[in-house]
Each structure stands twice: as structure tokens, then as C-alpha cells.
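For reference, start_38.pdb (PDB, C-alpha atoms):
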ATOM      1  CA  MET A 299      25.223 -16.842   7.412  1.00  0.00           C
ATOM      2  CA  GLN A 300      21.717 -15.562   6.962  1.00  0.00           C
ATOM      3  CA  GLN A 301      20.847 -12.686   4.716  1.00  0.00           C
ATOM      4  CA  ASN A 302      18.430  -9.979   5.656  1.00  0.00           C
ATOM      5  CA  ASP A 303      17.271  -9.235   2.147  1.00  0.00           C
ATOM      6  CA  ILE A 304      13.758  -8.358   1.151  1.00  0.00           C
ATOM      7  CA  LYS A 305      12.662 -10.590  -1.651  1.00  0.00           C
ATOM      8  CA  ILE A 306      10.850  -8.706  -4.335  1.00  0.00           C
ATOM      9  CA  LYS A 307       9.157 -11.033  -6.678  1.00  0.00           C
ATOM     10  CA  GLU A 308       6.044 -10.446  -8.610  1.00  0.00           C
ATOM     11  CA  VAL A 309       2.926 -12.040  -7.260  1.00  0.00           C
ATOM     12  CA  GLN A 310       0.337 -12.572  -9.901  1.00  0.00           C
ATOM     13  CA  PHE A 311      -3.247 -13.426  -9.278  1.00  0.00           C
ATOM     14  CA  ALA A 312      -5.630 -14.674 -11.916  1.00  0.00           C
ATOM     15  CA  ASN A 313      -8.182 -12.039 -12.865  1.00  0.00           C
ATOM     16  CA  ALA A 314     -11.087 -14.316 -12.081  1.00  0.00           C
ATOM     17  CA  ILE A 315      -9.856 -14.578  -8.497  1.00  0.00           C
ATOM     18  CA  LEU A 316      -8.430 -11.131  -7.869  1.00  0.00           C
ATOM     19  CA  LEU A 317     -10.975  -8.865  -9.522  1.00  0.00           C
ATOM     20  CA  PRO A 318     -13.993  -9.959  -7.454  1.00  0.00           C
ATOM     21  CA  GLU A 319     -11.956  -8.958  -4.373  1.00  0.00           C
ATOM     22  CA  ILE A 320     -11.099  -5.631  -5.981  1.00  0.00           C
ATOM     23  CA  ILE A 321     -14.759  -5.048  -6.784  1.00  0.00           C
ATOM     24  CA  LYS A 322     -15.688  -5.759  -3.162  1.00  0.00           C
ATOM     25  CA  MET A 323     -13.254  -3.038  -2.130  1.00  0.00           C
ATOM     26  CA  LEU A 324     -14.762  -0.644  -4.663  1.00  0.00           C
ATOM     27  CA  GLU A 325     -18.208  -1.363  -3.240  1.00  0.00           C
ATOM     28  CA  GLU A 326     -16.821  -0.575   0.221  1.00  0.00           C
ATOM     29  CA  GLY A 327     -16.036   2.891  -1.052  1.00  0.00           C
ATOM     30  CA  HIS A 328     -12.310   2.581  -1.691  1.00  0.00           C
ATOM     31  CA  THR A 329     -10.415   3.469  -4.790  1.00  0.00           C
ATOM     32  CA  VAL A 330      -8.034   0.769  -5.942  1.00  0.00           C
ATOM     33  CA  THR A 331      -4.769   1.098  -7.854  1.00  0.00           C
ATOM     34  CA  LEU A 332      -3.981  -1.783 -10.192  1.00  0.00           C
ATOM     35  CA  ARG A 333      -1.299  -2.644 -12.695  1.00  0.00           C
ATOM     36  CA  LEU A 334      -2.655  -3.191 -16.215  1.00  0.00           C
ATOM     37  CA  ARG A 335      -1.956  -6.235 -18.322  1.00  0.00           C
ATOM     38  CA  GLY A 336      -2.549  -6.853 -21.995  1.00  0.00           C
ATOM     39  CA  PHE A 337      -2.492  -4.904 -25.226  1.00  0.00           C
ATOM     40  CA  SER A 338      -6.178  -4.162 -25.499  1.00  0.00           C
ATOM     41  CA  MET A 339      -5.862  -0.509 -24.527  1.00  0.00           C
ATOM     42  CA  ARG A 340      -3.074   0.440 -26.891  1.00  0.00           C
ATOM     43  CA  PRO A 341      -1.750   2.910 -27.861  1.00  0.00           C
ATOM     44  CA  PHE A 342      -2.299   4.959 -24.706  1.00  0.00           C
ATOM     45  CA  LEU A 343      -1.631   2.082 -22.327  1.00  0.00           C
ATOM     46  CA  GLU A 344       0.951  -0.704 -22.541  1.00  0.00           C
ATOM     47  CA  ASP A 345       1.093  -4.195 -21.096  1.00  0.00           C
ATOM     48  CA  ASN A 346       2.579  -4.431 -17.609  1.00  0.00           C
ATOM     49  CA  ARG A 347       3.748  -0.831 -17.605  1.00  0.00           C
ATOM     50  CA  ASP A 348       0.851   1.317 -16.512  1.00  0.00           C
ATOM     51  CA  LYS A 349      -1.515   1.493 -13.570  1.00  0.00           C
ATOM     52  CA  ALA A 350      -5.104   2.604 -13.229  1.00  0.00           C
ATOM     53  CA  ILE A 351      -6.942   4.124 -10.284  1.00  0.00           C
ATOM     54  CA  ILE A 352     -10.438   2.766 -10.225  1.00  0.00           C
ATOM     55  CA  THR A 353     -13.459   3.874  -8.279  1.00  0.00           C
ATOM     56  CA  LYS A 354     -16.968   2.465  -7.983  1.00  0.00           C
ATOM     57  CA  ALA A 355     -18.864   2.953 -11.239  1.00  0.00           C
ATOM     58  CA  LYS A 356     -21.700   5.444 -11.166  1.00  0.00           C
ATOM     59  CA  ASP A 357     -23.517   7.036 -14.107  1.00  0.00           C
ATOM     60  CA  VAL A 358     -21.053   5.888 -16.715  1.00  0.00           C
ATOM     61  CA  LYS A 359     -21.256   7.310 -20.211  1.00  0.00           C
ATOM     62  CA  VAL A 360     -19.959   6.580 -23.694  1.00  0.00           C
ATOM     63  CA  GLY A 361     -16.221   7.165 -23.875  1.00  0.00           C
ATOM     64  CA  ASP A 362     -15.493   6.209 -20.263  1.00  0.00           C
ATOM     65  CA  ALA A 363     -12.812   3.630 -19.483  1.00  0.00           C
ATOM     66  CA  VAL A 364     -14.443   1.115 -17.169  1.00  0.00           C
ATOM     67  CA  LEU A 365     -13.917  -2.208 -15.443  1.00  0.00           C
ATOM     68  CA  ALA A 366     -16.720  -4.541 -16.467  1.00  0.00           C
ATOM     69  CA  GLU A 367     -17.654  -8.205 -16.081  1.00  0.00           C
ATOM     70  CA  VAL A 368     -18.474  -9.169 -19.661  1.00  0.00           C
ATOM     71  CA  ALA A 369     -18.921 -12.881 -19.011  1.00  0.00           C
ATOM     72  CA  PRO A 370     -19.023 -14.888 -15.763  1.00  0.00           C
ATOM     73  CA  LYS A 371     -15.715 -14.167 -13.976  1.00  0.00           C
ATOM     74  CA  HIS A 372     -14.331 -12.590 -17.163  1.00  0.00           C
ATOM     75  CA  TYR A 373     -13.347  -8.954 -16.691  1.00  0.00           C
ATOM     76  CA  VAL A 374     -12.056  -6.276 -19.012  1.00  0.00           C
ATOM     77  CA  LEU A 375     -10.928  -2.696 -18.571  1.00  0.00           C
ATOM     78  CA  HIS A 376     -12.119  -1.139 -21.828  1.00  0.00           C
ATOM     79  CA  ARG A 377     -13.837   1.910 -23.250  1.00  0.00           C
ATOM     80  CA  ILE A 378     -17.616   2.187 -23.536  1.00  0.00           C
ATOM     81  CA  VAL A 379     -18.555   2.785 -27.159  1.00  0.00           C
ATOM     82  CA  LYS A 380     -22.328   2.537 -26.945  1.00  0.00           C
ATOM     83  CA  ILE A 381     -25.089   2.511 -24.344  1.00  0.00           C
ATOM     84  CA  GLU A 382     -28.635   1.550 -25.354  1.00  0.00           C
ATOM     85  CA  GLY A 383     -30.960   1.366 -22.376  1.00  0.00           C
ATOM     86  CA  ASP A 384     -29.169  -0.999 -20.054  1.00  0.00           C
ATOM     87  CA  HIS A 385     -27.143  -2.626 -22.830  1.00  0.00           C
ATOM     88  CA  VAL A 386     -23.504  -1.576 -22.895  1.00  0.00           C
ATOM     89  CA  THR A 387     -21.037  -2.150 -25.723  1.00  0.00           C
ATOM     90  CA  LEU A 388     -17.321  -1.979 -24.927  1.00  0.00           C
ATOM     91  CA  ARG A 389     -14.244  -1.962 -27.096  1.00  0.00           C
ATOM     92  CA  GLY A 390     -10.640  -1.792 -26.009  1.00  0.00           C
ATOM     93  CA  ASP A 391      -8.689   0.971 -27.716  1.00  0.00           C
ATOM     94  CA  GLY A 392      -6.269  -1.629 -29.030  1.00  0.00           C
ATOM     95  CA  ASN A 393      -8.992  -4.005 -30.159  1.00  0.00           C
ATOM     96  CA  LEU A 394     -11.303  -4.301 -33.106  1.00  0.00           C
ATOM     97  CA  ALA A 395     -13.712  -6.704 -31.405  1.00  0.00           C
ATOM     98  CA  GLU A 396     -16.426  -5.604 -28.995  1.00  0.00           C
ATOM     99  CA  GLU A 397     -17.803  -6.933 -25.761  1.00  0.00           C
ATOM    100  CA  HIS A 398     -21.317  -6.590 -24.445  1.00  0.00           C
ATOM    101  CA  CYS A 399     -22.726  -6.450 -20.968  1.00  0.00           C
ATOM    102  CA  LYS A 400     -25.487  -4.894 -18.916  1.00  0.00           C
ATOM    103  CA  ILE A 401     -25.070  -1.604 -17.155  1.00  0.00           C
ATOM    104  CA  GLU A 402     -24.988  -3.337 -13.754  1.00  0.00           C
ATOM    105  CA  ASP A 403     -21.994  -5.405 -14.922  1.00  0.00           C
ATOM    106  CA  VAL A 404     -19.961  -2.218 -15.167  1.00  0.00           C
ATOM    107  CA  LYS A 405     -18.308  -2.277 -11.772  1.00  0.00           C
ATOM    108  CA  GLY A 406     -15.519   0.258 -11.847  1.00  0.00           C
ATOM    109  CA  PHE A 407     -14.729   3.581 -13.406  1.00  0.00           C
ATOM    110  CA  VAL A 408     -11.172   4.670 -14.155  1.00  0.00           C
ATOM    111  CA  VAL A 409     -10.352   7.974 -12.519  1.00  0.00           C
ATOM    112  CA  GLY A 410      -6.900   8.185 -14.037  1.00  0.00           C
ATOM    113  CA  PHE A 411      -3.812   6.368 -15.215  1.00  0.00           C
ATOM    114  CA  TYR A 412      -0.244   6.336 -13.955  1.00  0.00           C
ATOM    115  CA  ARG A 413       1.627   5.835 -17.193  1.00  0.00           C
ATOM    116  CA  LYS A 414       5.246   4.930 -17.752  1.00  0.00           C
ATOM    117  CA  GLY A 415       6.087   4.793 -14.063  1.00  0.00           C
ATOM    118  CA  ARG A 416       5.238   8.435 -13.478  1.00  0.00           C
ATOM    119  CA  THR A 417       3.714   9.540 -10.198  1.00  0.00           C
ATOM    120  CA  LYS A 418       1.625  12.182 -11.931  1.00  0.00           C
ATOM    121  CA  LEU A 419      -1.855  10.924 -12.697  1.00  0.00           C
ATOM    122  CA  ASP A 420      -3.256  11.249 -16.214  1.00  0.00           C
ATOM    123  CA  LYS A 421      -6.838  11.913 -15.190  1.00  0.00           C
ATOM    124  CA  THR A 422      -9.661  10.760 -17.426  1.00  0.00           C
ATOM    125  CA  ASN A 423     -11.200  14.202 -17.144  1.00  0.00           C
ATOM    126  CA  GLY A 424      -7.886  15.790 -18.111  1.00  0.00           C
ATOM    127  CA  MET A 425      -6.959  17.328 -21.435  1.00  0.00           C
ATOM    128  CA  LYS A 426      -4.548  14.596 -22.503  1.00  0.00           C
ATOM    129  CA  TRP A 427      -7.020  11.742 -22.186  1.00  0.00           C
ATOM    130  CA  VAL A 428      -9.978  13.711 -23.543  1.00  0.00           C
ATOM    131  CA  VAL A 429      -8.124  14.849 -26.671  1.00  0.00           C
ATOM    132  CA  TYR A 430      -6.554  11.415 -27.215  1.00  0.00           C
ATOM    133  CA  SER A 431      -9.994   9.772 -26.800  1.00  0.00           C
ATOM    134  CA  TRP A 432     -11.616  12.160 -29.231  1.00  0.00           C
ATOM    135  CA  ILE A 433      -8.985  11.510 -31.894  1.00  0.00           C
ATOM    136  CA  TRP A 434      -8.570   7.784 -31.365  1.00  0.00           C
ATOM    137  CA  THR A 435     -12.268   6.913 -31.352  1.00  0.00           C
ATOM    138  CA  ARG A 436     -12.784   8.849 -34.580  1.00  0.00           C
ATOM    139  CA  LEU A 437      -9.922   6.922 -36.209  1.00  0.00           C
ATOM    140  CA  TYR A 438     -11.805   3.657 -35.722  1.00  0.00           C
ATOM    141  CA  PRO A 439     -12.413   3.185 -39.487  1.00  0.00           C
ATOM    142  CA  ILE A 440      -8.663   2.851 -40.009  1.00  0.00           C
ATOM    143  CA  ARG A 441      -7.788   1.466 -36.568  1.00  0.00           C
ATOM    144  CA  ARG A 442      -6.845  -1.925 -37.984  1.00  0.00           C
ATOM    145  CA  TYR A 443      -4.146  -0.362 -40.151  1.00  0.00           C
ATOM    146  CA  LEU A 444      -2.886   2.032 -37.487  1.00  0.00           C
ATOM    147  CA  LEU A 445      -2.502  -0.789 -34.976  1.00  0.00           C
ATOM    148  CA  ALA A 446      -0.718  -2.971 -37.522  1.00  0.00           C
ATOM    149  CA  ILE A 447       1.695  -0.179 -38.400  1.00  0.00           C
ATOM    150  CA  TYR A 448       2.243   0.527 -34.706  1.00  0.00           C
ATOM    151  CA  ARG A 449       2.947  -3.099 -33.936  1.00  0.00           C
ATOM    152  CA  ARG A 450       5.023  -3.989 -36.974  1.00  0.00           C
ATOM    153  CA  ILE A 451       6.921  -0.810 -37.682  1.00  0.00           C
ATOM    154  CA  TRP A 452       6.849   1.702 -34.832  1.00  0.00           C
ATOM    155  CA  LEU A 453       7.500  -0.777 -32.047  1.00  0.00           C
ATOM    156  CA  ARG A 454      10.378  -2.290 -33.999  1.00  0.00           C
ATOM    157  CA  PHE A 455      12.311   0.931 -33.910  1.00  0.00           C
ATOM    158  CA  PHE A 456      10.890   3.032 -31.140  1.00  0.00           C
ATOM    159  CA  LYS A 457       9.565   2.648 -27.606  1.00  0.00           C
ATOM    160  CA  PRO A 458       5.818   2.458 -27.034  1.00  0.00           C
ATOM    161  CA  ILE A 459       3.971   5.753 -27.130  1.00  0.00           C
TER
ATOM    162  CA  MET B  10       8.265  -0.781  17.466  1.00  0.00           C
ATOM    163  CA  LYS B  11       4.809  -0.315  16.116  1.00  0.00           C
ATOM    164  CA  ALA B  12       2.970  -1.283  12.942  1.00  0.00           C
ATOM    165  CA  LYS B  13       2.487   1.737  10.705  1.00  0.00           C
ATOM    166  CA  LYS B  14      -1.027   2.862  10.096  1.00  0.00           C
ATOM    167  CA  GLY B  15      -2.588   1.996   6.770  1.00  0.00           C
ATOM    168  CA  PHE B  16      -1.130  -1.452   6.300  1.00  0.00           C
ATOM    169  CA  ASN B  17      -3.863  -4.014   6.605  1.00  0.00           C
ATOM    170  CA  LEU B  18      -3.740  -7.750   6.298  1.00  0.00           C
ATOM    171  CA  ARG B  19      -6.150  -9.105   3.737  1.00  0.00           C
ATOM    172  CA  THR B  20      -6.738 -12.611   2.509  1.00  0.00           C
ATOM    173  CA  VAL B  21      -6.734 -12.612  -1.262  1.00  0.00           C
ATOM    174  CA  CYS B  22      -6.955 -15.849  -3.169  1.00  0.00           C
ATOM    175  CA  GLY B  23      -5.788 -17.876  -0.201  1.00  0.00           C
ATOM    176  CA  GLU B  24      -2.719 -15.723   0.366  1.00  0.00           C
ATOM    177  CA  GLN B  25      -2.240 -13.415   3.283  1.00  0.00           C
ATOM    178  CA  ILE B  26      -1.123 -10.093   1.928  1.00  0.00           C
ATOM    179  CA  ILE B  27      -0.503  -6.689   3.394  1.00  0.00           C
ATOM    180  CA  VAL B  28      -2.013  -3.985   1.266  1.00  0.00           C
ATOM    181  CA  ALA B  29      -1.166  -0.309   1.566  1.00  0.00           C
ATOM    182  CA  GLU B  30      -4.473   1.326   2.370  1.00  0.00           C
ATOM    183  CA  GLY B  31      -4.652   5.045   2.460  1.00  0.00           C
ATOM    184  CA  GLU B  32      -7.731   6.812   3.724  1.00  0.00           C
ATOM    185  CA  GLU B  33      -9.515   5.730   0.599  1.00  0.00           C
ATOM    186  CA  ASN B  34      -7.070   4.297  -1.898  1.00  0.00           C
ATOM    187  CA  ILE B  35      -5.905   0.670  -1.783  1.00  0.00           C
ATOM    188  CA  ASP B  36      -2.705   0.215  -3.726  1.00  0.00           C
ATOM    189  CA  PHE B  37      -2.432  -3.260  -5.176  1.00  0.00           C
ATOM    190  CA  CYS B  38       0.874  -2.427  -6.796  1.00  0.00           C
ATOM    191  CA  ASN B  39       2.416  -2.214  -3.372  1.00  0.00           C
ATOM    192  CA  ILE B  40       1.726  -5.446  -1.555  1.00  0.00           C
ATOM    193  CA  ILE B  41       3.654  -7.670   0.835  1.00  0.00           C
ATOM    194  CA  SER B  42       2.925 -11.345   1.040  1.00  0.00           C
ATOM    195  CA  MET B  43       3.131 -13.024   4.428  1.00  0.00           C
ATOM    196  CA  ASN B  44       3.546 -16.626   5.379  1.00  0.00           C
ATOM    197  CA  GLU B  45       1.400 -18.149   8.088  1.00  0.00           C
ATOM    198  CA  SER B  46       3.613 -17.366  11.052  1.00  0.00           C
ATOM    199  CA  SER B  47       4.347 -13.841   9.918  1.00  0.00           C
ATOM    200  CA  ALA B  48       0.622 -13.180   9.446  1.00  0.00           C
ATOM    201  CA  TYR B  49      -0.078 -14.589  12.924  1.00  0.00           C
ATOM    202  CA  LEU B  50       2.501 -12.293  14.498  1.00  0.00           C
ATOM    203  CA  TRP B  51       1.263  -9.308  12.518  1.00  0.00           C
ATOM    204  CA  LYS B  52      -2.265  -9.832  13.772  1.00  0.00           C
ATOM    205  CA  GLU B  53      -1.082 -10.199  17.364  1.00  0.00           C
ATOM    206  CA  ILE B  54       0.946  -6.971  17.424  1.00  0.00           C
ATOM    207  CA  ALA B  55      -1.728  -4.902  15.743  1.00  0.00           C
ATOM    208  CA  ASN B  56      -2.318  -1.506  17.300  1.00  0.00           C
ATOM    209  CA  LYS B  57       0.232  -1.896  20.035  1.00  0.00           C
ATOM    210  CA  ASP B  58       3.854  -1.203  20.714  1.00  0.00           C
ATOM    211  CA  PHE B  59       5.963  -4.333  20.662  1.00  0.00           C
ATOM    212  CA  THR B  60       9.550  -5.443  21.035  1.00  0.00           C
ATOM    213  CA  THR B  61      11.514  -8.293  19.508  1.00  0.00           C
ATOM    214  CA  LYS B  62      11.021 -10.102  22.814  1.00  0.00           C
ATOM    215  CA  ASP B  63       7.251  -9.927  22.344  1.00  0.00           C
ATOM    216  CA  LEU B  64       7.637 -11.611  18.975  1.00  0.00           C
ATOM    217  CA  VAL B  65       9.817 -14.314  20.513  1.00  0.00           C
ATOM    218  CA  ASP B  66       7.229 -14.970  23.222  1.00  0.00           C
ATOM    219  CA  LEU B  67       4.450 -15.205  20.652  1.00  0.00           C
ATOM    220  CA  LEU B  68       6.462 -17.654  18.578  1.00  0.00           C
ATOM    221  CA  LEU B  69       7.287 -19.825  21.579  1.00  0.00           C
ATOM    222  CA  GLU B  70       3.633 -19.809  22.593  1.00  0.00           C
ATOM    223  CA  ARG B  71       2.440 -21.108  19.282  1.00  0.00           C
ATOM    224  CA  TYR B  72       5.262 -23.107  17.777  1.00  0.00           C
ATOM    225  CA  ASP B  73       7.406 -25.912  19.047  1.00  0.00           C
ATOM    226  CA  VAL B  74      10.732 -24.220  18.430  1.00  0.00           C
ATOM    227  CA  ALA B  75      13.929 -23.651  20.379  1.00  0.00           C
ATOM    228  CA  LYS B  76      14.289 -20.277  22.057  1.00  0.00           C
ATOM    229  CA  GLU B  77      17.487 -19.424  20.178  1.00  0.00           C
ATOM    230  CA  THR B  78      15.861 -20.140  16.815  1.00  0.00           C
ATOM    231  CA  ALA B  79      12.855 -18.047  17.782  1.00  0.00           C
ATOM    232  CA  MET B  80      15.118 -15.181  18.788  1.00  0.00           C
ATOM    233  CA  VAL B  81      17.014 -15.238  15.513  1.00  0.00           C
ATOM    234  CA  ASP B  82      13.828 -15.487  13.475  1.00  0.00           C
ATOM    235  CA  ALA B  83      12.058 -12.740  15.413  1.00  0.00           C
ATOM    236  CA  LYS B  84      15.006 -10.382  15.027  1.00  0.00           C
ATOM    237  CA  GLN B  85      15.199 -11.071  11.302  1.00  0.00           C
ATOM    238  CA  LEU B  86      11.472 -10.622  10.835  1.00  0.00           C
ATOM    239  CA  ALA B  87      11.367  -7.322  12.701  1.00  0.00           C
ATOM    240  CA  ALA B  88      14.252  -6.066  10.576  1.00  0.00           C
ATOM    241  CA  GLN B  89      12.429  -7.115   7.401  1.00  0.00           C
ATOM    242  CA  TRP B  90       9.236  -5.398   8.496  1.00  0.00           C
ATOM    243  CA  ILE B  91      11.124  -2.182   9.172  1.00  0.00           C
ATOM    244  CA  LYS B  92      12.952  -2.455   5.867  1.00  0.00           C
ATOM    245  CA  ALA B  93       9.668  -3.075   4.023  1.00  0.00           C
ATOM    246  CA  GLY B  94       8.368   0.112   5.597  1.00  0.00           C
ATOM    247  CA  ILE B  95       5.404  -1.377   7.429  1.00  0.00           C
ATOM    248  CA  VAL B  96       6.773  -1.009  10.948  1.00  0.00           C
ATOM    249  CA  GLU B  97       8.360   1.998  12.597  1.00  0.00           C
ATOM    250  CA  GLU B  98      10.890   1.856  15.392  1.00  0.00           C
TER
END

Before anything else, please render the file you have as C-alpha cells.
Amino acid sequence: MQQNDIKIKEVQFANAILLPEIIKMLEEGHTVTLRLRGFSMRPFLEDNRDKAIITKAKDVKVGDAVLAEVAPKHYVLHRIVKIEGDHVTLRGDGNLAEEHCKIEDVKGFVVGFYRKGRTKLDKTNGMKWVVYSWIWTRLYPIRRYLLAIYRRIWLRFFKPI
Amino acid sequence: MKAKKGFNLRTVCGEQIIVAEGEENIDFCNIISMNESSAYLWKEIANKDFTTKDLVDLLLERYDVAKETAMVDAKQLAAQWIKAGIVEE
């Protein structure tokens, strides 16, 4: 007897293959919704839980969350921490290390995040993100300790923020 | 039956996938992967009303398969498409 079930399994594409296609769509004028992977944008965003809506990058500034190609076929969705001329420095909120690229390598701009499975968008021009960004970027001097405490203590007992 | 608007077949990394495309937004969290025959049928019925019989005829045209098998497969596929929300009755 045959079953008429829909199979839902996760299809994963490697970034190096998927993201160029996504960028093509951004260039065509679409916005794209993507699921986020990795811990590099903690604490606001968690691995495999949240989604971002991305649009084509235009006039990006320091503090923006962007999709950038930081090395050939190597993409990150991180925050811009410095712009000097056409030299851009990025750092994920959950990272201590930086990446560098040119302004034309910044391909996408995050309009908002769908966090924790909600259908309400946390816009990057909204209060929540702006206040969080202001606080979190200023805590950079002690970020290493905050992240360690978060990882080793908070996440042991509580759910991610 | 007819394919719902906003579901377009794209080739991504060698796979044929249906992506939900709104006016502007393309949702990659909501994709349906199609095998070769399903993608072929999807392309053929684009923008027109079709019945299960149409799918059967298309299958028989392209594949060397018995009519009964084609009928069962076509019926199952149409049901899956409706269930996945990409086709309306």
C-alpha cells in the first residue's frame, strides 16, 4: 500500500554554492529570507533557529548587519564595525575576530530578523535591535567574558536569549 | 487544477527546487525539492488548468511506463502538490 505523505527533510546547501544564487536574486531586486547558521551573531541570534530578510546592499554604514563575501566564495552575515574609504571591517556579535573586505563585497543588507520562530519581524531599524546594538557593541571590551559566561553558565541552565 | 501563483522552479546547486516567491520576497525557508519527472511535469502545466489525465498523458509521452503505473503516479503526485500547497483544485 502506498502512502501519500509529504516528506519533510532538511535540504542543506553549502554556502559557497547557495549564497551566489541568493546574491543573484538580491541583484534582481528581490528580498530573500534565509535561515541562519552558526554562533557568530550571538547573543541576539542563535544557530539554526532564526531567519533573516536580506535586501540588496546600498549605502551601508557602521553598525549594519550585512551579508558580505570576505574571501573568495566565503560569506558571512556579520556587523560592520568600521568603514575607512572602501575598506570595511566586520565582526560577528558572537565573535572576537574580525573580517575585512571592500565595500563592493558587501552584497546584502539585513532588513530584519524572524527570531525564535515568530512571524513578527525584528526590524534592524526597530527599537529592539537599535538598543541591543548600542549596548552590545559598547560591551566589546568585556565581550570575551560575557560570551564565556553565556556559553558555560547561562546556556547550561536556561534557553538562549 | 492549477499551479498557484508565486511558486517558481529554480535550479539551485543542481537541484530543481520550488521557491515561494512573493511579489518581492523569495523565501528560502519554504522550498520544495523536485525530482526530474516532477520538475518536467511542473514546467509543462505552468500557467494552465490541468487534470490528472493531463499528467498521465505527459508521463506516457516522455517515459516508457505502463498506463496503470502512470495513472497511479500522476494521482499521487497531484495529491502531493495540493497537500504541499503549490497547486489549487

Produce a table with one row for each residue of chain B that has an atom at most 8 Å from any atom of chain A, each row naming the nearest atom pair and its distance in Å at one decimal; use only C-alpha atoms; arrange rows by chain and rising residue number; format as a Markdown table.
| residue | atom | partner | partner_atom | distance |
| --- | --- | --- | --- | --- |
| B:Val21 | CA | A:Leu316 | CA | 7.0 |
| B:Cys22 | CA | A:Ile315 | CA | 6.2 |
| B:Glu33 | CA | A:His328 | CA | 4.8 |
| B:Asn34 | CA | A:Thr329 | CA | 4.5 |
| B:Ile35 | CA | A:Val330 | CA | 4.7 |
| B:Asp36 | CA | A:Thr331 | CA | 4.7 |
| B:Phe37 | CA | A:Leu332 | CA | 5.5 |
| B:Cys38 | CA | A:Leu332 | CA | 6.0 |
| B:Gln85 | CA | A:Asn302 | CA | 6.6 |
| B:Ala88 | CA | A:Asn302 | CA | 7.5 |
| B:Gln89 | CA | A:Ile304 | CA | 6.5 |
| B:Lys92 | CA | A:Ile304 | CA | 7.6 |
| B:Ala93 | CA | A:Ile304 | CA | 7.3 |

message: Once the PyMOL selection byres ((chain A and resi 359) around 9) is applied to the coordinates I shared, what remains selected? I want it as a list in words.
response: Asp357, Val358, Val360, Gly361, Asp362, Ile378, Val379, Lys380 and Ile381 of chain A

task: For CA of Glu53 in chain B and CA of Ala29 in chain B, quote the distance in Å rounded to one decimal.
output: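 We find that CA of Glu53 in chain B and CA of Ala29 in chain B lie 18.6 Å from each other.
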
Residue members of the PyMOL selection byres ((chain B and resi 75-83) around 8) in the file shown, as a list in words: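 Against this file, the PyMOL selection byres ((chain B and resi 75-83) around 8) returns the residues Thr61, Lys62, Leu64, Val65, Leu68, Leu69, Asp73, Val74, Lys84, Gln85, Leu86 and Ala87 of chain B.
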
When the PyMOL selection byres ((chain A and resi 404-409) around 6) is applied to the file above, which residues end up in the set, as a compact mmCIF listing (two decimals) with C-alpha atoms, in the frame of the given file?
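Ended up saving to part33.txt:
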# COMPACT_ATOMS: atom_id res chain seq x y z
CA ILE A 351 -6.94 4.12 -10.28
CA ILE A 352 -10.44 2.77 -10.22
CA THR A 353 -13.46 3.87 -8.28
CA LYS A 354 -16.97 2.46 -7.98
CA ALA A 355 -18.86 2.95 -11.24
CA ALA A 363 -12.81 3.63 -19.48
CA VAL A 364 -14.44 1.12 -17.17
CA LEU A 365 -13.92 -2.21 -15.44
CA ALA A 366 -16.72 -4.54 -16.47
CA ILE A 401 -25.07 -1.60 -17.16
CA GLU A 402 -24.99 -3.34 -13.75
CA ASP A 403 -21.99 -5.40 -14.92
CA GLY A 410 -6.90 8.18 -14.04
CA LYS A 421 -6.84 11.91 -15.19
CA THR A 422 -9.66 10.76 -17.43

Could you pull the residues within 9 Å of Ala12 in chain B, counting only C-alpha atoms, minus those fewer than 3 positions along the same chain, as an mmCIF file with C-alpha atoms, keeping the file's coordinate frame?
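That gives us around.cif:
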data_model
loop_
_atom_site.group_PDB
_atom_site.id
_atom_site.type_symbol
_atom_site.label_atom_id
_atom_site.label_comp_id
_atom_site.auth_asym_id
_atom_site.auth_seq_id
_atom_site.Cartn_x
_atom_site.Cartn_y
_atom_site.Cartn_z
ATOM 1 C CA GLY B 15 -2.588 1.996 6.770
ATOM 2 C CA PHE B 16 -1.130 -1.452 6.300
ATOM 3 C CA TRP B 51 1.263 -9.308 12.518
ATOM 4 C CA ILE B 54 0.946 -6.971 17.424
ATOM 5 C CA ALA B 55 -1.728 -4.902 15.743
ATOM 6 C CA ASN B 56 -2.318 -1.506 17.300
ATOM 7 C CA LYS B 57 0.232 -1.896 20.035
ATOM 8 C CA ASP B 58 3.854 -1.203 20.714
ATOM 9 C CA PHE B 59 5.963 -4.333 20.662
ATOM 10 C CA TRP B 90 9.236 -5.398 8.496
ATOM 11 C CA ILE B 95 5.404 -1.377 7.429
ATOM 12 C CA VAL B 96 6.773 -1.009 10.948
ATOM 13 C CA GLU B 97 8.360 1.998 12.597
ATOM 14 C CA GLU B 98 10.890 1.856 15.392
#

- prompt: CA of Arg441 in chain A and CA of Lys418 in chain A, how far apart in Å?
  reply: 28.5 Å

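The space separating CA of Leu334 in chain A from CA of Gln310 in chain A comes to 11.7 Å.
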
message: Need to verify the contact set: Cys399 in chain A, 7 Å, all atoms listed in the file, exclusion of same-chain residues closer than 6 positions in sequence. Can you return it as a list in words?
response: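 Skipping anything fewer than 6 positions along the chain leaves Val368, His385, Val386 and Thr387 of chain A.
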
message: Please determine, counting only C-alpha atoms, which residue among B:Ile26, B:Leu18, B:Met43, B:Leu50 has the shortest atom-to-atom distance to Arg71 in chain B.
response: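 Checking each candidate against Arg71 in chain B, we get B:Leu50 as the closest.
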